[in-house]
Amino acid sequence: MAMRAPARPSFRHLRGAFRLARRALSGALPKGLYARSLIIIITPVVLLQSVVAYVFMERHWQLVTQRLSAAVTADMAALIDLYETDPLHPGPDQLSRIAAERLVLDVEFRKGDALPPPGPKPFFSLLDEALSDEITKQVRRPFWIDTVGRSNLIEIRIQLKDGVMRVLARRSLAYASNSHIFLVWMVTTSFVLLTVAILFLRNQIRPIQKLATAAEDFGRGREIEFRPRGAREVRQAGLAFIDMKRRIERALESRTTMLNGVSHDLRTILTRFRLSLALLEETPETEDLKRDVDEMNRMLEGYLAFARGDTGEAAVPTDLRPLLEELKADAERAGHHTTLDIAGEPNIAVRVDAFRRLLFNLVSNAARHGDRIAITANHETRWLVIHVDDDGIGIPPDKREEVFRPFVRLDEARNQDEGGSGLGLAIARDIARSHGGDIILGDSPLGGLRATVRLPA
């Protein structure tokens with residue numbers, strides 16, 4: 001039976017592994033522009049310095065150390081040759097003097113001595129390795145060296161025919177001891193360059209951060225004072241933002257003017273209807289017509305409020321405690337058992353009238369469908385969270401997003417305001433999102449619906 005060759009990994013598998021690795025890397029990298037820019041600047045510098053340091057260690061430092069060790073070893077080999085060729089001319093003392101004066105070596109000939117036992121090898125020493133190799137090649141005798149024991153001296157002992165030659169030499173004679181200066185300069189200059197780059201980058205990032213803050217404040221309805229600064233591209237983005245802001249403000253102003261005109265005209269017609277009905281005789285038919293006119297007026301107010309939004313109102317720092325207490329008192333006067341629990345200081349910049357309408361819609365919706373109402377506010381973190389709970393019939397989970405659509409009415413009728421226009425929750429979410437937050441519906445601990453308002457502080 002033929003053996004099947006092992007399957008090779010397909011391109012699809014490799015691509016899937018690459019995607020997983022890329023996702024893991026993107027999840028580990030910082031999300032901010034400043035941090036990512038620092039990585040872009042620092043990573044090439046660190047890689048370049050690492051390569052330079054490696055090449056320097058491999059080519060320059062090791063080569064210089066090898067040549068210095070070879071020169072010292074050649075001097076020792078010459079002394080050994082002179083000593084063993086004619087031990088009396090010159091004698092050991094004269095050779096020691098010549099080595100001290102000409103070769104800067106402290107040489108001592110010890111007759112009858114033996115080499116000490118070998119000591120531990122250093123973990124990392126270019127000198128020990130280079131010097132051992134040169135003595136092995138040039139002298140070709142048993143030897144013992146110590147490159148660790150003394151800070152600025154190295155000791156070498158070489159076995160002779162009648163004893164041992166002991167040599168003390170300065171470490172700088174056989175080792176490129178000043179090479180660390182290059183590394184110090186390299187690290188110092190890199191640190192200075194990175195510091196300048198970081199400071200410059202921070203100055204370039206700051207205008208972008210100010211632009212983002214201005215856009216966020218404008219979205220929340222706050223007054224902004226923004227002047228484009230920074231690089232040319234950043235200034236162009238800032239000028240584009242200012243131009244967009246002006247166009248939006250003009251569009252909102254035009255819409256508000258149009259809505260005010262429509263509201264005035266329609267109210268004039270409804271007023272004529274009321275006057276005409278007031279002149280008619282009181283009959284069941286006229287009562288029905290009056291109720292229809294009142295219903296039309298309420299629906300008109302709801303439509304205009306939804307279309308107008310919170311145009312023209314500025315966000316100001318507000319203490320929401322009096323507003324929440326007012327809503328609690330209104331619900332209790334309507335015959336609902338209402339509780340209020342506040343954690344932290346509910347101070348936040350909001351459009352007061354718009355936010356009052358938001359909370360009024362939520363509390364009214366809870367009062368319309370439940371007997372008990374619980375209002376809780378928490379401002380102990382960076383977010384203001386307000387819960388409005390009731391003990392009504394609630395809304396099915398698959399319908400909770402649908403009720404925020406304008407003019408949508410469910411069979412359970414949880415999205416109808418007093419006018420029956422189906423705009424209560426739509427207006428509330430529109431106001432919450434204009435403040436940079438949102439409204440989420442969920443299950444209430446009381447058994448009904450929980451409406452959660454979450455706004456950034």
# chains A, B, ... in the order shown; residues from 1 in each chain; ligands from 1
call {"tool": "residues_around", "arguments": {"residues": "Leu362 (chain A)", "least_positions_apart": "5", "cutoff": "8 Å", "atoms": "only C-alpha atoms", "output": "list in words"}}
result
Val388, Gly424, Leu425, Ala428 and Ala451 of chain A
call {"tool": "write_last_selection", "arguments": {"atoms": "N, CA and C atoms", "output": "mmCIF file, in the first residue's frame"}}
result
data_model
loop_
_atom_site.group_PDB
_atom_site.id
_atom_site.type_symbol
_atom_site.label_atom_id
_atom_site.label_comp_id
_atom_site.auth_asym_id
_atom_site.auth_seq_id
_atom_site.Cartn_x
_atom_site.Cartn_y
_atom_site.Cartn_z
ATOM 1 N N VAL A 388 -33.860 54.668 35.163
ATOM 2 C CA VAL A 388 -35.283 54.887 35.427
ATOM 3 C C VAL A 388 -35.958 53.523 35.306
ATOM 4 N N GLY A 424 -41.538 59.844 21.963
ATOM 5 C CA GLY A 424 -40.968 60.062 23.292
ATOM 6 C C GLY A 424 -39.566 59.523 23.428
ATOM 7 N N LEU A 425 -39.366 58.233 23.157
ATOM 8 C CA LEU A 425 -38.038 57.636 23.297
ATOM 9 C C LEU A 425 -37.100 58.100 22.192
ATOM 10 N N ALA A 428 -35.756 61.356 23.356
ATOM 11 C CA ALA A 428 -34.850 61.156 24.486
ATOM 12 C C ALA A 428 -33.484 60.665 24.001
ATOM 13 N N ALA A 451 -34.615 51.994 31.786
ATOM 14 C CA ALA A 451 -34.022 52.895 30.807
ATOM 15 C C ALA A 451 -32.772 53.504 31.432
#
call {"tool": "residues_around", "arguments": {"residues": "region 394-398 of chain A", "least_positions_apart": "3", "cutoff": "9 Å", "atoms": "only C-alpha atoms", "output": "list in words"}}
result
His369, Asp390, Asp391, Glu401, Glu402, Val403, Leu410, Glu412, Arg414, Leu441, Gly442, Asp443, Ser444, Gly447, Gly448, Leu449 and Arg450 of chain A
call {"tool": "select_by_dssp", "arguments": {"residues": "region 20-170 of chain A", "states": "helix (DSSP H, G or I)", "output": "PyMOL selection string"}}
result
chain A and resi 20-28+33-85+92-102+126-138
call {"tool": "closest_residue", "arguments": {"among": "A:Leu239, A:Ala197, A:Ala314, A:Val167", "to": "Ile39 (chain A)", "atoms": "only C-alpha atoms"}}
result
A:Ala197
